[in-house]
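A.B. asks: Have a look at the structure that comes next, please.
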Amino acid sequence: MSDQPDMMSNTERLAYMANRIACNLAIEGPEQAARSTAEHIVKFWESRMIARFFAALETSDMGLNDIARAAVAILREKPRVKAAIAAGR
Amino acid sequence: MAWIGEYDFGTPAPALVTDRMVTLTIDGQDIRVPEGTSVMRAAALMGTSIPKLCATDNMASFGSCRLCLVQIEGRGGFPASCTTPVAEGMVVHTQNERLAQLRRGVMELYISDHPLDCLTCAANGDCELQDMAGAVGLRDVRYGYDGATNMGQVKDHSNPYFDFDPSKCIVCSRCVRACDEVQGTFALTIQARGFGSKVAASQDEDFLASECVSCGACVQACPTASLIEKAVVEVGTPEHAVVTTCGYCGVGCTFRAEMRGEELVRMVPWKDGKANHGHSCVKGRFAWGYANHEDRILKPMIRKSIDEPWNEVSWEEAIAYTASEFKRIQAKYGRLSVGGLTSSRCTNEETFLVQKLIRQGFGNNNVDTCARVCHSPTGYGLNATLGTSAGTQEFDSVMHADVIMVIGANPTDAHPVFGSLMKKRIREGAKVIVIDPRATDLVRSPHIDAAYHLPLRPGTNVVVLTALAHVIVTEGLVNEAFVRDRCDWDEFKEWAKFVSDPSRSPEAVAALCRVPAATIRGAARLYATGGNAAIYYGLGITEHSQGSSAVIAIANLAMATGNFGREGVGVNPLRGQNNVQGSSDMGSFPHEFSGYRHVAGDETRHLFEAEWGVKLDPEPGLRVNNMFDEALEGGFKGLFVQGEDVMQSDPNTHHVAAALREMECVVVQDLFLNETASFAHVFLPGSTFLEKDGTFTNSERRIQLVREVIKPRSGYADWEIVQLVANAMGLGWSYTHPSQIMDEIARLTPTFAKVSFDAIERLGSIQWPANEQNPDGMPTMHVGTFTRGKGKFVVTEYVATDEKSGPRFPLLLTTGRILSQYNVGAQTRRTANMAWHPEDVLEIHPHDAEDRGIRDGDLVSLKSRAGETTLRADVTERVAPGVVYTTFHHPETQANLITTDYTDWATDCPEYKVTAVQVAAANGPSQWQIEHREHNRRSRRIAEPLEAAE
């Protein structure tokens with residue numbers, strides 16, 4: 001991990017990315033935005049990023065906003081995400 | 001300079017394209033030409049060269065030299081053929097005794113005041129004055145040479161690339177006109193009158209000190225040796241040429257590489273170049289000497305540790321070591337532990353091979369390209385709204401625009417030849433709107449005066465774009481017929497409702513974006529009602545945390561006003577590098593194959609599997625910034641970097657350096673030991689654009705040939721090196737020429753289906769898509785229908801960046817480019833272009849400077865939460881108070897030490913354009929600069945070869 005105190009750790013970056021996706025899609029309305037956020041993550045995030053994201057969620061809420069949290073619930077049911085989580089363990 | 005091997009018709013084709021034809025008789029022969037053609041050009045078209053000196057066909061006629069006189073039956077006198085338009089039934093004589101007498105008289109006058117050193121003159125054999133003396137049959141000069149002359153004047157050697165000898169000037173004004181009409185800088189003039197007339201640069205300064213931008217247009221235009229390349233003086237005139245495409249920016253100028261034997265003498269812009277039409281900038285024209293620079297590495301090198309010196313080895317050893325290391329790493333850390341970066345400087349074929357190496361050879365999708373850090377939001381945004389991830393027009397389209405909106409782009413610096421074309425259109429009367437924190441040359445410069453300049457606060461693009469939309473919708477300026485016909489009406493209504501909200505009006509957001517409401521309203525009205533309106537944008541749009549949203553907002557504006565599907569309109573991303581469009585097209589992204597098709601799509605993936613004979617990974621891979629994250633987690637250990645310098649170009653330098661240190665095998669394929677090579681274990685010496693065959697794709701989607709001018713100095717072209725690596729990994733490639741790679745691309749990529757080297761040769765260039773429906777390509781997209789069918793309006797709500805200025809960091813830094821340097825400067829810093837920009841400087845407004853006790857030229861520290869560097873201050877009103885600006889061309893400055901880890905929400909494109917900083921006086925380099933200098937010194941050592949024991 002780089003030693004800059006003011007820069008995000010990898011886990012913080014994942015939370016930042018999830019929150020930013022959610023914020024920018026929020027205009028779609030909370031339910032659709034959550035689905036769109038989940039779709040975006042499935043489409044673009046590499047499997048280890050997904051695994052690390054969910055591993056971090058096991059010990060903290062990561063400061064996720066409401067839409068990102070809703071997206072997490074949707075993501076948990078996605079086969080690709082399940083496989084990534086399993087591979088990460 | 002004569003157009004070697006190219007014919008000069010004397011005057012341009014008529015400005016207005018017309019079907020009306022005129023029949024006239026020249027020297028007894030009938031000829032039919034378009035109305036508006038000059039007599040000179042008509043004669044040239046039928047093979048008759050009327051003598052001329054002041055006329056040349058890339059500039060308007062001037063009529064000053066009086067050499068091109070003709071006789072026209074029924075008309076008195078002897079008019080100049082260059083300024084006389086054809087007329088129906090005109091009968092012209094281009095040669096008779098009287099005309100010959102007049103021409104000889106004119107030439108006598110010219111030669112009476114011209115040095116007669118032809119045999120030793122650098123232009124001997126390439127001099128139009130010499131040619132005309134012969135053409136008119138000049139045998140003696142009756143005036144003699146004893147009177148006053150303009151000979152013996154002091155030469156101007158100040159420009160590093162060309163000389164100006166006033167003694168050889170015939171005051172034809174071609175250079176002045178070239179600077180005006182072609183380049184648009186207006187740096188030259190004819191000073192004084194009559195016998196005292198002379199060419200002067202700016203306020204009679206030397207060329208280097210003047211406003212001259214060294215584009216070379218004057219040198220090209222000069223018919224004598226008055227303005228001549230230093231290379232021609234030193235080497236001699238060239239004798240053959242190879243046409244190829246420039247390796248610098250996304251304009252994609254084509255040049256004649258003029259040679260003497262195997263030596264490149266000069267690069268001359270090609271008249272038939274579809275992107276540049278015979279014009280160039282200082283970089284493409286002159287700054288190619290880096291190919292022979294002493295820093296150039298020509299032998300492969302390896303080392304076990306980055307703390308050791310490099311060891312030169314054979315190609316066999318370097319390639320074998322590379323392959324074995326990647327295999328070892330994958331065996332130890334897993335299939336996903338390696339990846340690579342394609343180059344936006346290399347050809348389409350080379351880029352395609354790197355992503356093929358990674359997908360077929362490494363078995364994953366960990367491939368990315370520098371488009372990630374520049375125009376990836378363009379791909380996302382335009383794909384979402386229009387269905388295609390690229391610009392919609394060709395460059396020439398700007399000549400049909402009535403309103404030009406330039407957002408976050410500085411084309412006169414970063415796309416100079418296109419910038420010149422845009423300025424030409426503005427001089428013809430097109431109105432320009434500039435949305436940029438800085439007052440670029442398009443705001444105000446000779447003959448350019450923007451109708452509106454919106455100097456918005458960095459980070460508020462979406463606010464301003466939405467406010468523009470608010471005006472267009474609420475004032476009834478929407479092109480409803482177009483929207484109903486071409487777009488989804490329900491989506492439009494939802495978007496229109498959103499932008500109409502009073503909270504998004506110019507009045508409501510003026511304080512936030514720091515642009516007066518009246519300025520926003522005026523700009524919106526002009527864009528919507530001014531006629532054909534085109535938007536050009538650059539990294540000032542994309543390199544933000546809402547980069548993709550801003551691109552979408554731009555597309556929304558253009559759809560709402562019906563500005564698609566014809567010339568003079570459109571949405572035009574100005575791609576920075578010579579082949580960044582191409583590298584994106586070629587599947588360099590971790591989630592897409594070539595042609596922008598997702599790796600999870602079975603149909604596409606099976607197509608590639610059938611061609612490549614291997615199962616391919618359906619999961620998206622790591623983006624470049626995520627590769628660094630993963631490296632710090634211990635899961636990414638091997639990186640193949642072709643033609644990229646991530647240590648200098650990527651944001652958050654500390655993070656990149658830490659990540660590279662964690663890797664066990666970094667392979668750099670490049671020309672020089674760049675910043676990234678300081679962290680590398682293998683160096684494979686690459687080839688310049690002069691040393692290979694292939695294709696580049698410019699910002700217009702125009703695929704053009706790159707031709708080998710000199711043999712690869714390291715022994716291999718870049719594509720050959722990748723093939724060597726692939727075969728060492730057992731992939732069994734057998735390409736013998738890049739054309740075969742393009743054939744494979746065409747088989748696999750629907751938008752390239754009709755592209756081949758033969759087709760490009762035949763057509764000159766091809767703009768994709770080139771398929772069954774459009775076999776010769778498609779210059780203007782979305783004619784009649786959008787690629788996705790109906791255009792999609794997408795609501796873009798403003799979400800402020802997390803990067804905030806505050807008491808600790810009260811200013812906002814934005815970054816950009818300058819004309820004379822290119823990107824990280826690896827090429828241009830190794831040329832004489834250093835004369836113009838030897839270091840990056842910090843532009844700071846006088847108020848901010850005074851608050852800090854900073855004077856122009858002072859050394860200052862620039863600090864953000866990411867890091868600190870030092871550089872010199874340039875106190876200027878170009879930037880608004882509260883905003884500072886610098887370039888990123890010099891590794892000593894390392895501007896990206898300062899930039900942060902915030903990125904675009906959709907694509908992870910770094911937010912280079914918004915960094916909260918503080919500036920203070922400094923008395924020396926920063927600690928990082930000191931340590932980095934030492935690190936580079938140590939890591940660039942090359943061990944002496946070991947002598948074998950007897």
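Lettering and numbering for the structure tokens are positional, with chains as A, B, ... in the shown order, residues counted from 1 in each chain, and ligands counted from 1 in the shown order.
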Can you tell me, as a ChimeraX atom specification, what residues are no more than 12 Å from A:Arg20 when counting only C-alpha atoms, ignoring any on the same chain fewer than 6 positions away?

C.D. replies: /A:13-14,26,33,37,40-41,63-68 /B:545-546,549,798-802,902-908

A.B. asks: Determine, using only C-alpha atoms, which residues of chain B have any atom at most 7 Å from an atom of chain A, and tabulate each with its shortest atom pair and distance in Å to one decimal place, rows ordered by chain and then rising number, as CSV.

C.D. replies:
residue,atom,partner,partner_atom,distance
B:His591,CA,A:Phe44,CA,6.4
B:Pro620,CA,A:Glu46,CA,5.5
B:Gly621,CA,A:Glu46,CA,5.1
B:Leu622,CA,A:Glu46,CA,5.7
B:Asp629,CA,A:Asn10,CA,6.0
B:Leu632,CA,A:Met1,CA,5.2
B:His654,CA,A:Ser2,CA,6.7
B:His655,CA,A:Ser2,CA,5.4
B:Ala658,CA,A:Ser2,CA,5.7
B:Glu797,CA,A:Ile27,CA,6.6
B:Val799,CA,A:Asn24,CA,6.6
B:Arg865,CA,A:Asp6,CA,5.6
B:Ala866,CA,A:Met7,CA,6.5
B:Asp901,CA,A:Met7,CA,6.9
B:Trp905,CA,A:Ile21,CA,5.2
B:Ala906,CA,A:Ile21,CA,6.6

A.B. asks: For the residues in that selection, give me N, CA and C atoms as a PDB file, in the first residue's frame.

C.D. replies:
ATOM      1  N   HIS B 591     -12.456  -4.857 -20.855  1.00  0.00           N
ATOM      2  CA  HIS B 591     -13.792  -5.416 -20.927  1.00  0.00           C
ATOM      3  C   HIS B 591     -14.265  -5.590 -22.373  1.00  0.00           C
ATOM      4  N   PRO B 620     -14.274  -9.454 -17.309  1.00  0.00           N
ATOM      5  CA  PRO B 620     -13.479  -8.242 -17.532  1.00  0.00           C
ATOM      6  C   PRO B 620     -12.200  -8.283 -16.701  1.00  0.00           C
ATOM      7  N   GLY B 621     -11.147  -7.717 -17.269  1.00  0.00           N
ATOM      8  CA  GLY B 621      -9.862  -7.687 -16.574  1.00  0.00           C
ATOM      9  C   GLY B 621      -9.661  -6.388 -15.819  1.00  0.00           C
ATOM     10  N   LEU B 622      -8.412  -6.152 -15.439  1.00  0.00           N
ATOM     11  CA  LEU B 622      -8.066  -4.982 -14.638  1.00  0.00           C
ATOM     12  C   LEU B 622      -7.794  -3.772 -15.522  1.00  0.00           C
ATOM     13  N   ASP B 629      -3.451  -1.050  -8.035  1.00  0.00           N
ATOM     14  CA  ASP B 629      -4.075  -1.421  -6.758  1.00  0.00           C
ATOM     15  C   ASP B 629      -3.794  -2.887  -6.453  1.00  0.00           C
ATOM     16  N   LEU B 632      -0.321  -3.730  -5.292  1.00  0.00           N
ATOM     17  CA  LEU B 632      -0.084  -3.424  -3.882  1.00  0.00           C
ATOM     18  C   LEU B 632      -0.769  -4.438  -2.961  1.00  0.00           C
ATOM     19  N   HIS B 654       3.128   8.630  -6.574  1.00  0.00           N
ATOM     20  CA  HIS B 654       3.602   7.805  -5.447  1.00  0.00           C
ATOM     21  C   HIS B 654       2.995   6.405  -5.536  1.00  0.00           C
ATOM     22  N   HIS B 655       1.715   6.364  -5.856  1.00  0.00           N
ATOM     23  CA  HIS B 655       0.983   5.099  -5.918  1.00  0.00           C
ATOM     24  C   HIS B 655       1.521   4.229  -7.048  1.00  0.00           C
ATOM     25  N   ALA B 658       4.976   2.885  -6.094  1.00  0.00           N
ATOM     26  CA  ALA B 658       4.887   1.818  -5.089  1.00  0.00           C
ATOM     27  C   ALA B 658       4.409   0.520  -5.731  1.00  0.00           C
ATOM     28  N   GLU B 797     -27.195  14.288 -13.749  1.00  0.00           N
ATOM     29  CA  GLU B 797     -27.273  15.170 -12.595  1.00  0.00           C
ATOM     30  C   GLU B 797     -25.880  15.541 -12.136  1.00  0.00           C
ATOM     31  N   VAL B 799     -22.965  15.898  -9.828  1.00  0.00           N
ATOM     32  CA  VAL B 799     -22.476  15.341  -8.571  1.00  0.00           C
ATOM     33  C   VAL B 799     -21.095  15.940  -8.373  1.00  0.00           C
ATOM     34  N   ARG B 865      -2.722  17.192  -1.558  1.00  0.00           N
ATOM     35  CA  ARG B 865      -2.731  16.117  -0.557  1.00  0.00           C
ATOM     36  C   ARG B 865      -1.999  14.899  -1.076  1.00  0.00           C
ATOM     37  N   ALA B 866      -1.727  14.847  -2.399  1.00  0.00           N
ATOM     38  CA  ALA B 866      -1.030  13.703  -2.986  1.00  0.00           C
ATOM     39  C   ALA B 866       0.477  13.847  -2.931  1.00  0.00           C
ATOM     40  N   ASP B 901      -6.291  10.583  -6.590  1.00  0.00           N
ATOM     41  CA  ASP B 901      -6.811   9.264  -6.930  1.00  0.00           C
ATOM     42  C   ASP B 901      -8.316   9.296  -7.239  1.00  0.00           C
ATOM     43  N   TRP B 905     -16.636   8.328 -12.698  1.00  0.00           N
ATOM     44  CA  TRP B 905     -17.440   7.285 -12.067  1.00  0.00           C
ATOM     45  C   TRP B 905     -17.637   6.068 -12.977  1.00  0.00           C
ATOM     46  N   ALA B 906     -17.692   6.289 -14.285  1.00  0.00           N
ATOM     47  CA  ALA B 906     -18.038   5.195 -15.189  1.00  0.00           C
ATOM     48  C   ALA B 906     -16.809   4.454 -15.715  1.00  0.00           C
TER      49      ALA B 906
END

A.B. asks: Please report, as a VMD selection string, each residue of stretch 16-89 of chain A to which DSSP assigns alpha helix (DSSP H) when run on this structure's backbone.

C.D. replies: chain A and resid 16 to 25 30 to 44 47 to 57 66 to 75 79 to 88

A.B. asks: Could you write out, as a PyMOL selection string, all the residues of stretch 295-472 of chain B that DSSP marks as strand (DSSP E or B)?

C.D. replies: chain B and resi 301-302+310-312+338-342+367-369+403-407+431-435+438+444-445+448-449+452-454

A.B. asks: Tell me which protein, DNA and RNA residues are within 6 Å of B:Trp768, counting only C-alpha atoms, leaving out same-chain ones fewer than 2 positions away, and put them as a CSV table (one decimal) with N, CA and C atoms, in the first residue's frame.

C.D. replies:
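Written file, selection_13.csv:
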chain,number,residue,atom,x,y,z
B,701,ARG,N,-11.5,8.9,-37.1
B,701,ARG,CA,-11.7,7.5,-37.5
B,701,ARG,C,-11.0,7.2,-38.8
B,770,ALA,N,-16.2,0.7,-42.1
B,770,ALA,CA,-16.1,0.3,-43.5
B,770,ALA,C,-16.6,-1.2,-43.6
B,777,GLY,N,-16.0,3.4,-46.4
B,777,GLY,CA,-15.9,4.1,-45.1
B,777,GLY,C,-17.0,5.1,-45.0
B,778,MET,N,-17.0,5.8,-43.8
B,778,MET,CA,-18.1,6.7,-43.5
B,778,MET,C,-17.6,8.0,-42.9

A.B. asks: With only C-alpha atoms as the basis for distance, which of B:Gly278, B:Gly568, B:Gly134, B:Gly694 is at the shortest distance from B:Ala178?

C.D. replies: B:Gly278

A.B. asks: Neighbouring residues of stretch 312-315 of chain B were defined as those with any atom within 6 Å, considering only C-alpha atoms; residues of the same chain fewer than 4 positions away were excluded. Please report them as a PyMOL selection string.

C.D. replies: chain B and resi 300-301+319
